[in-house]
Amino acid sequence: MPTVRPPLPVESGIVSELILQSDCGMLTALFGPKVRSLVIHLQHKSRNPYSFENTLVIADATRDHDVLGALVGSLAGTMKSSNLHTAALLFRWYGPAVIARFPRLARAGKALDGLEPDDYYLSHIAVLPGHRGHGAGRELLLAGEEYARRQGARRLVLDVEEHNAGARSFYSRLSYARAAVIRIDLGRRGVFSFIRLVKGL
């Protein structure tokens, strides 16, 4: 029977893999080819979007607690202070070279400008390919909604790739409604288009 819980420190490798599976290439465009190492590093630091405190996993209790999927999100009202702390962590990771990345990071961050303080923004959710279609994603998302409610969220907000019809259908079955189209232009690194979906909690 799968259970939803916070991740263990030893699970940072599989959690980072799931984060990157749910990403459309934007993290690599923002952070470069060593993005997986960066995500693993950030998971072990507090007060940043990828920290374990913002993550839930679904694990198979019958198979030595193997992680099947992961969800990452946070309350929008905490994002401003968390983003400042993340900037400091990135500076320590990249050194002064991170300054060249800030314009792209700022463009990507503008997509979050319309969030209300009591919105819970779900940045990533993914289930390992071999475990899809058996309810793990649904169970993980519903647990994420309950987690968001306990933090005082009134809505759950997420962005899904514009052309990912399967994901949009999945969210629609769980009462997520289309709210906007989000486009993030990272210049020569690409343009990323998403449908913003919302659900009242």
# chains A, B, ... in the order shown; residues from 1 in each chain; ligands from 1

$ select_by_dssp --residues "segment 12-192 of chain A" --states "strand (DSSP E or B)" --output "NGL selection string"
:A and (55-60 or 66-75 or 119-127 or 155-161 or 177-185 or 191-192)

$ select_by_dssp --residues "segment 59-200 of chain A" --states "alpha helix (DSSP H)" --output "ChimeraX atom specification"
/A:79-94,102-109,136-150,165-173

$ write_last_selection --atoms "N, CA and C atoms" --output "tab-separated table (two decimals), in the first residue's frame"
chain	number	residue	atom	x	y	z
A	79	MET	N	7.10	32.96	-0.59
A	79	MET	CA	8.06	32.90	-1.70
A	79	MET	C	9.05	34.04	-1.74
A	80	LYS	N	8.64	35.25	-1.35
A	80	LYS	CA	9.54	36.40	-1.46
A	80	LYS	C	10.78	36.20	-0.59
A	81	SER	N	10.57	35.85	0.68
A	81	SER	CA	11.73	35.64	1.57
A	81	SER	C	12.50	34.40	1.15
A	82	SER	N	11.79	33.37	0.70
A	82	SER	CA	12.46	32.16	0.24
A	82	SER	C	13.30	32.42	-1.00
A	83	ASN	N	12.82	33.28	-1.91
A	83	ASN	CA	13.59	33.59	-3.12
A	83	ASN	C	14.88	34.35	-2.79
A	84	LEU	N	14.83	35.23	-1.80
A	84	LEU	CA	16.04	35.94	-1.39
A	84	LEU	C	17.06	34.97	-0.81
A	85	HIS	N	16.57	34.04	0.00
A	85	HIS	CA	17.47	33.04	0.58
A	85	HIS	C	18.04	32.15	-0.53
A	86	THR	N	17.20	31.80	-1.52
A	86	THR	CA	17.66	30.97	-2.63
A	86	THR	C	18.74	31.69	-3.44
A	87	ALA	N	18.56	32.99	-3.64
A	87	ALA	CA	19.57	33.77	-4.37
A	87	ALA	C	20.93	33.67	-3.66
A	88	ALA	N	20.91	33.73	-2.33
A	88	ALA	CA	22.16	33.60	-1.58
A	88	ALA	C	22.76	32.21	-1.75
A	89	LEU	N	21.90	31.18	-1.75
A	89	LEU	CA	22.39	29.81	-1.95
A	89	LEU	C	22.99	29.63	-3.34
A	90	LEU	N	22.34	30.24	-4.34
A	90	LEU	CA	22.86	30.16	-5.72
A	90	LEU	C	24.20	30.88	-5.84
A	91	PHE	N	24.33	31.99	-5.14
A	91	PHE	CA	25.60	32.73	-5.19
A	91	PHE	C	26.73	31.86	-4.61
A	92	ARG	N	26.41	31.14	-3.52
A	92	ARG	CA	27.42	30.27	-2.93
A	92	ARG	C	27.76	29.10	-3.86
A	93	TRP	N	26.78	28.64	-4.61
A	93	TRP	CA	26.98	27.49	-5.50
A	93	TRP	C	27.79	27.88	-6.74
A	94	TYR	N	27.37	28.98	-7.40
A	94	TYR	CA	27.99	29.38	-8.67
A	94	TYR	C	29.12	30.40	-8.51
A	102	PHE	N	20.85	35.92	-13.42
A	102	PHE	CA	19.74	36.62	-12.77
A	102	PHE	C	18.70	37.18	-13.73
A	103	PRO	N	19.06	37.75	-14.89
A	103	PRO	CA	18.01	38.24	-15.80
A	103	PRO	C	17.05	37.13	-16.23
A	104	ARG	N	17.57	35.94	-16.55
A	104	ARG	CA	16.69	34.82	-16.93
A	104	ARG	C	15.84	34.38	-15.75
A	105	LEU	N	16.44	34.33	-14.56
A	105	LEU	CA	15.69	33.94	-13.37
A	105	LEU	C	14.57	34.93	-13.08
A	106	ALA	N	14.86	36.22	-13.28
A	106	ALA	CA	13.83	37.24	-13.06
A	106	ALA	C	12.69	37.09	-14.05
A	107	ARG	N	13.01	36.79	-15.33
A	107	ARG	CA	11.95	36.58	-16.33
A	107	ARG	C	11.09	35.38	-15.97
A	108	ALA	N	11.73	34.30	-15.54
A	108	ALA	CA	10.98	33.11	-15.15
A	108	ALA	C	10.13	33.39	-13.92
A	109	GLY	N	10.67	34.14	-12.98
A	109	GLY	CA	9.96	34.46	-11.74
A	109	GLY	C	8.73	35.32	-11.94
A	136	ALA	N	-1.13	6.42	-8.30
A	136	ALA	CA	-0.13	7.05	-7.42
A	136	ALA	C	-0.14	8.56	-7.58
A	137	GLY	N	-0.25	9.05	-8.81
A	137	GLY	CA	-0.28	10.50	-9.04
A	137	GLY	C	-1.48	11.15	-8.39
A	138	ARG	N	-2.64	10.52	-8.52
A	138	ARG	CA	-3.86	11.05	-7.91
A	138	ARG	C	-3.72	11.09	-6.39
A	139	GLU	N	-3.25	9.99	-5.81
A	139	GLU	CA	-3.09	9.94	-4.35
A	139	GLU	C	-2.10	10.99	-3.86
A	140	LEU	N	-1.01	11.16	-4.60
A	140	LEU	CA	0.00	12.15	-4.23
A	140	LEU	C	-0.57	13.56	-4.32
A	141	LEU	N	-1.29	13.86	-5.39
A	141	LEU	CA	-1.86	15.20	-5.55
A	141	LEU	C	-2.90	15.49	-4.48
A	142	LEU	N	-3.76	14.54	-4.17
A	142	LEU	CA	-4.77	14.76	-3.12
A	142	LEU	C	-4.11	14.97	-1.77
A	143	ALA	N	-3.03	14.25	-1.50
A	143	ALA	CA	-2.29	14.46	-0.25
A	143	ALA	C	-1.65	15.85	-0.25
A	144	GLY	N	-1.17	16.29	-1.41
A	144	GLY	CA	-0.61	17.64	-1.53
A	144	GLY	C	-1.65	18.71	-1.27
A	145	GLU	N	-2.87	18.48	-1.74
A	145	GLU	CA	-3.96	19.44	-1.48
A	145	GLU	C	-4.25	19.53	0.02
A	146	GLU	N	-4.28	18.39	0.69
A	146	GLU	CA	-4.52	18.38	2.14
A	146	GLU	C	-3.38	19.08	2.88
A	147	TYR	N	-2.16	18.83	2.45
A	147	TYR	CA	-0.99	19.49	3.04
A	147	TYR	C	-1.10	21.01	2.86
A	148	ALA	N	-1.50	21.44	1.68
A	148	ALA	CA	-1.66	22.88	1.41
A	148	ALA	C	-2.75	23.48	2.28
A	149	ARG	N	-3.87	22.76	2.44
A	149	ARG	CA	-4.96	23.25	3.31
A	149	ARG	C	-4.46	23.47	4.73
A	150	ARG	N	-3.68	22.52	5.23
A	150	ARG	CA	-3.17	22.63	6.61
A	150	ARG	C	-2.25	23.84	6.78
A	165	ALA	N	-1.63	17.22	-23.35
A	165	ALA	CA	-3.07	16.95	-23.23
A	165	ALA	C	-3.36	15.91	-22.14
A	166	GLY	N	-2.48	14.91	-21.98
A	166	GLY	CA	-2.70	13.89	-20.97
A	166	GLY	C	-2.70	14.46	-19.56
A	167	ALA	N	-1.74	15.34	-19.27
A	167	ALA	CA	-1.67	15.96	-17.95
A	167	ALA	C	-2.87	16.88	-17.73
A	168	ARG	N	-3.24	17.64	-18.75
A	168	ARG	CA	-4.39	18.55	-18.60
A	168	ARG	C	-5.66	17.77	-18.32
A	169	SER	N	-5.83	16.61	-18.97
A	169	SER	CA	-7.00	15.76	-18.73
A	169	SER	C	-6.98	15.21	-17.30
A	170	PHE	N	-5.82	14.80	-16.83
A	170	PHE	CA	-5.67	14.29	-15.46
A	170	PHE	C	-6.12	15.34	-14.45
A	171	TYR	N	-5.64	16.58	-14.60
A	171	TYR	CA	-6.00	17.64	-13.66
A	171	TYR	C	-7.47	18.03	-13.77
A	172	SER	N	-8.00	18.00	-14.98
A	172	SER	CA	-9.42	18.32	-15.17
A	172	SER	C	-10.31	17.33	-14.41
A	173	ARG	N	-9.95	16.05	-14.43
A	173	ARG	CA	-10.73	15.05	-13.70
A	173	ARG	C	-10.71	15.30	-12.20

$ closest_residue --among "A:His41, A:Arg101, A:Arg183, A:Arg154" --to "Leu201 of chain A" --atoms "only C-alpha atoms"
A:Arg154

$ residues_around --residues "Asp159 of chain A" --least-positions-apart "6" --cutoff "8 Å" --atoms "only C-alpha atoms" --output "list of chain:residue names"
A:Leu122, A:Ser123, A:Ile182, A:Phe194, A:Ile195, A:Arg196, A:Leu197

$ write_last_selection --atoms "N, CA and C atoms" --output "PDB file, in the first residue's frame"
ATOM      1  N   LEU A 122       2.161  24.678  -6.812  1.00  0.00           N
ATOM      2  CA  LEU A 122       2.756  23.366  -7.013  1.00  0.00           C
ATOM      3  C   LEU A 122       3.688  23.455  -8.218  1.00  0.00           C
ATOM      4  N   SER A 123       4.990  23.416  -7.956  1.00  0.00           N
ATOM      5  CA  SER A 123       5.956  23.602  -9.045  1.00  0.00           C
ATOM      6  C   SER A 123       6.283  22.311  -9.773  1.00  0.00           C
ATOM      7  N   ILE A 182       0.493  31.067 -19.590  1.00  0.00           N
ATOM      8  CA  ILE A 182       1.747  31.662 -19.121  1.00  0.00           C
ATOM      9  C   ILE A 182       2.823  31.407 -20.163  1.00  0.00           C
ATOM     10  N   PHE A 194       2.769  27.497 -20.857  1.00  0.00           N
ATOM     11  CA  PHE A 194       2.041  26.696 -19.884  1.00  0.00           C
ATOM     12  C   PHE A 194       0.590  27.145 -19.798  1.00  0.00           C
ATOM     13  N   ILE A 195      -0.258  26.230 -19.378  1.00  0.00           N
ATOM     14  CA  ILE A 195      -1.631  26.559 -18.981  1.00  0.00           C
ATOM     15  C   ILE A 195      -1.637  26.583 -17.454  1.00  0.00           C
ATOM     16  N   ARG A 196      -2.085  27.696 -16.887  1.00  0.00           N
ATOM     17  CA  ARG A 196      -2.206  27.770 -15.421  1.00  0.00           C
ATOM     18  C   ARG A 196      -3.544  27.190 -15.013  1.00  0.00           C
ATOM     19  N   LEU A 197      -3.508  26.250 -14.078  1.00  0.00           N
ATOM     20  CA  LEU A 197      -4.701  25.605 -13.572  1.00  0.00           C
ATOM     21  C   LEU A 197      -4.853  25.926 -12.084  1.00  0.00           C
TER      22      LEU A 197
END

$ closest_residue --among "A:Leu71, A:Ala180, A:Leu56, A:Leu174" --to "Arg5 of chain A" --atoms "only C-alpha atoms"
A:Leu56

$ closest_residue --among "A:Ile99, A:Leu30, A:Met1, A:Val127" --to "Phe192 of chain A" --atoms "only C-alpha atoms"
A:Leu30

$ atom_distance --atom1 "atom CA of Val57 of chain A" --atom2 "atom CA of Pro6 of chain A"
5.9 Å

$ atom_distance --atom1 "atom CA of Gly114 of chain A" --atom2 "atom CA of Ser22 of chain A"
22.3 Å

$ residues_around --residues "Ser16 of chain A" --least-positions-apart "6" --cutoff "10 Å" --atoms "only C-alpha atoms" --output "PyMOL selection string"
chain A and resi 22+35-43+50+70

$ closest_residue --among "A:Pro2, A:Pro9, A:Gly25, A:Gly77" --to "Ser193 of chain A" --atoms "only C-alpha atoms"
A:Gly25

$ atom_distance --atom1 "atom CA of Ala179 of chain A" --atom2 "atom CA of Tyr120 of chain A"
14.7 Å

$ closest_residue --among "A:Ala153, A:Val198, A:Val4, A:Val72" --to "Ser51 of chain A" --atoms "only C-alpha atoms"
A:Val72

$ decode --residues "segment 23-62 of chain A" --atoms "N, CA and C atoms" --output "mmCIF file, in the first residue's frame"
data_model
loop_
_atom_site.group_PDB
_atom_site.id
_atom_site.type_symbol
_atom_site.label_atom_id
_atom_site.label_comp_id
_atom_site.auth_asym_id
_atom_site.auth_seq_id
_atom_site.Cartn_x
_atom_site.Cartn_y
_atom_site.Cartn_z
ATOM 1 N N ASP A 23 9.904 18.437 -15.358
ATOM 2 C CA ASP A 23 10.320 19.720 -15.933
ATOM 3 C C ASP A 23 10.356 19.607 -17.455
ATOM 4 N N CYS A 24 10.080 20.704 -18.120
ATOM 5 C CA CYS A 24 10.040 20.710 -19.588
ATOM 6 C C CYS A 24 11.352 21.185 -20.197
ATOM 7 N N GLY A 25 12.397 21.222 -19.404
ATOM 8 C CA GLY A 25 13.684 21.703 -19.885
ATOM 9 C C GLY A 25 14.022 23.098 -19.397
ATOM 10 N N MET A 26 13.083 23.722 -18.683
ATOM 11 C CA MET A 26 13.320 25.092 -18.237
ATOM 12 C C MET A 26 14.391 25.155 -17.148
ATOM 13 N N LEU A 27 14.442 24.164 -16.259
ATOM 14 C CA LEU A 27 15.475 24.198 -15.216
ATOM 15 C C LEU A 27 16.864 24.121 -15.829
ATOM 16 N N THR A 28 17.026 23.289 -16.845
ATOM 17 C CA THR A 28 18.321 23.210 -17.523
ATOM 18 C C THR A 28 18.628 24.526 -18.224
ATOM 19 N N ALA A 29 17.615 25.147 -18.829
ATOM 20 C CA ALA A 29 17.813 26.444 -19.492
ATOM 21 C C ALA A 29 18.238 27.514 -18.493
ATOM 22 N N LEU A 30 17.705 27.420 -17.276
ATOM 23 C CA LEU A 30 18.032 28.415 -16.254
ATOM 24 C C LEU A 30 19.360 28.136 -15.553
ATOM 25 N N PHE A 31 19.649 26.852 -15.289
ATOM 26 C CA PHE A 31 20.767 26.522 -14.409
ATOM 27 C C PHE A 31 21.896 25.743 -15.071
ATOM 28 N N GLY A 32 21.715 25.318 -16.310
ATOM 29 C CA GLY A 32 22.795 24.637 -17.007
ATOM 30 C C GLY A 32 22.775 23.132 -16.834
ATOM 31 N N PRO A 33 23.753 22.445 -17.424
ATOM 32 C CA PRO A 33 23.756 20.977 -17.465
ATOM 33 C C PRO A 33 23.952 20.291 -16.114
ATOM 34 N N LYS A 34 24.455 21.001 -15.120
ATOM 35 C CA LYS A 34 24.665 20.378 -13.808
ATOM 36 C C LYS A 34 23.490 20.633 -12.868
ATOM 37 N N VAL A 35 22.305 20.838 -13.458
ATOM 38 C CA VAL A 35 21.128 21.192 -12.674
ATOM 39 C C VAL A 35 20.760 20.103 -11.663
ATOM 40 N N ARG A 36 20.977 18.828 -11.994
ATOM 41 C CA ARG A 36 20.610 17.756 -11.061
ATOM 42 C C ARG A 36 21.421 17.868 -9.771
ATOM 43 N N SER A 37 22.711 18.128 -9.884
ATOM 44 C CA SER A 37 23.549 18.303 -8.691
ATOM 45 C C SER A 37 23.069 19.496 -7.871
ATOM 46 N N LEU A 38 22.671 20.566 -8.561
ATOM 47 C CA LEU A 38 22.167 21.747 -7.859
ATOM 48 C C LEU A 38 20.882 21.425 -7.110
ATOM 49 N N VAL A 39 19.950 20.721 -7.754
ATOM 50 C CA VAL A 39 18.677 20.381 -7.104
ATOM 51 C C VAL A 39 18.923 19.506 -5.879
ATOM 52 N N ILE A 40 19.812 18.533 -5.987
ATOM 53 C CA ILE A 40 20.143 17.692 -4.830
ATOM 54 C C ILE A 40 20.694 18.562 -3.692
ATOM 55 N N HIS A 41 21.576 19.483 -4.020
ATOM 56 C CA HIS A 41 22.152 20.394 -3.017
ATOM 57 C C HIS A 41 21.049 21.216 -2.342
ATOM 58 N N LEU A 42 20.132 21.772 -3.150
ATOM 59 C CA LEU A 42 19.078 22.631 -2.603
ATOM 60 C C LEU A 42 18.102 21.855 -1.725
ATOM 61 N N GLN A 43 17.889 20.585 -2.038
ATOM 62 C CA GLN A 43 16.958 19.791 -1.225
ATOM 63 C C GLN A 43 17.407 19.736 0.235
ATOM 64 N N HIS A 44 18.703 19.750 0.455
ATOM 65 C CA HIS A 44 19.240 19.625 1.816
ATOM 66 C C HIS A 44 19.389 20.973 2.528
ATOM 67 N N LYS A 45 18.989 22.056 1.846
ATOM 68 C CA LYS A 45 19.041 23.394 2.458
ATOM 69 C C LYS A 45 17.613 23.856 2.736
ATOM 70 N N SER A 46 17.443 24.606 3.799
ATOM 71 C CA SER A 46 16.092 25.079 4.138
ATOM 72 C C SER A 46 15.753 26.356 3.369
ATOM 73 N N ARG A 47 14.470 26.694 3.386
ATOM 74 C CA ARG A 47 13.936 27.962 2.854
ATOM 75 C C ARG A 47 14.297 28.209 1.396
ATOM 76 N N ASN A 48 14.071 27.188 0.560
ATOM 77 C CA ASN A 48 14.189 27.396 -0.877
ATOM 78 C C ASN A 48 13.150 26.502 -1.545
ATOM 79 N N PRO A 49 12.785 26.785 -2.800
ATOM 80 C CA PRO A 49 11.679 26.049 -3.426
ATOM 81 C C PRO A 49 11.873 24.537 -3.487
ATOM 82 N N TYR A 50 13.121 24.052 -3.487
ATOM 83 C CA TYR A 50 13.373 22.622 -3.643
ATOM 84 C C TYR A 50 13.729 21.915 -2.344
ATOM 85 N N SER A 51 13.641 22.625 -1.247
ATOM 86 C CA SER A 51 14.001 22.039 0.040
ATOM 87 C C SER A 51 13.057 20.890 0.416
ATOM 88 N N PHE A 52 13.570 19.936 1.179
ATOM 89 C CA PHE A 52 12.743 18.814 1.612
ATOM 90 C C PHE A 52 11.506 19.286 2.373
ATOM 91 N N GLU A 53 11.569 20.446 2.993
ATOM 92 C CA GLU A 53 10.401 20.934 3.741
ATOM 93 C C GLU A 53 9.242 21.286 2.803
ATOM 94 N N ASN A 54 9.514 21.420 1.504
ATOM 95 C CA ASN A 54 8.478 21.723 0.508
ATOM 96 C C ASN A 54 8.150 20.519 -0.371
ATOM 97 N N THR A 55 8.520 19.326 0.074
ATOM 98 C CA THR A 55 8.416 18.128 -0.768
ATOM 99 C C THR A 55 7.649 17.018 -0.057
ATOM 100 N N LEU A 56 6.838 16.301 -0.831
ATOM 101 C CA LEU A 56 6.210 15.069 -0.378
ATOM 102 C C LEU A 56 6.567 13.974 -1.383
ATOM 103 N N VAL A 57 6.673 12.744 -0.904
ATOM 104 C CA VAL A 57 6.866 11.611 -1.807
ATOM 105 C C VAL A 57 5.775 10.588 -1.542
ATOM 106 N N ILE A 58 5.503 9.788 -2.559
ATOM 107 C CA ILE A 58 4.650 8.614 -2.377
ATOM 108 C C ILE A 58 5.568 7.405 -2.504
ATOM 109 N N ALA A 59 5.508 6.524 -1.504
ATOM 110 C CA ALA A 59 6.429 5.394 -1.441
ATOM 111 C C ALA A 59 5.652 4.102 -1.264
ATOM 112 N N ASP A 60 6.187 3.024 -1.796
ATOM 113 C CA ASP A 60 5.575 1.705 -1.696
ATOM 114 C C ASP A 60 6.071 1.033 -0.421
ATOM 115 N N ALA A 61 5.197 0.940 0.553
ATOM 116 C CA ALA A 61 5.586 0.389 1.857
ATOM 117 C C ALA A 61 5.887 -1.108 1.771
ATOM 118 N N THR A 62 5.429 -1.770 0.723
ATOM 119 C CA THR A 62 5.658 -3.214 0.604
ATOM 120 C C THR A 62 6.987 -3.531 -0.081
#
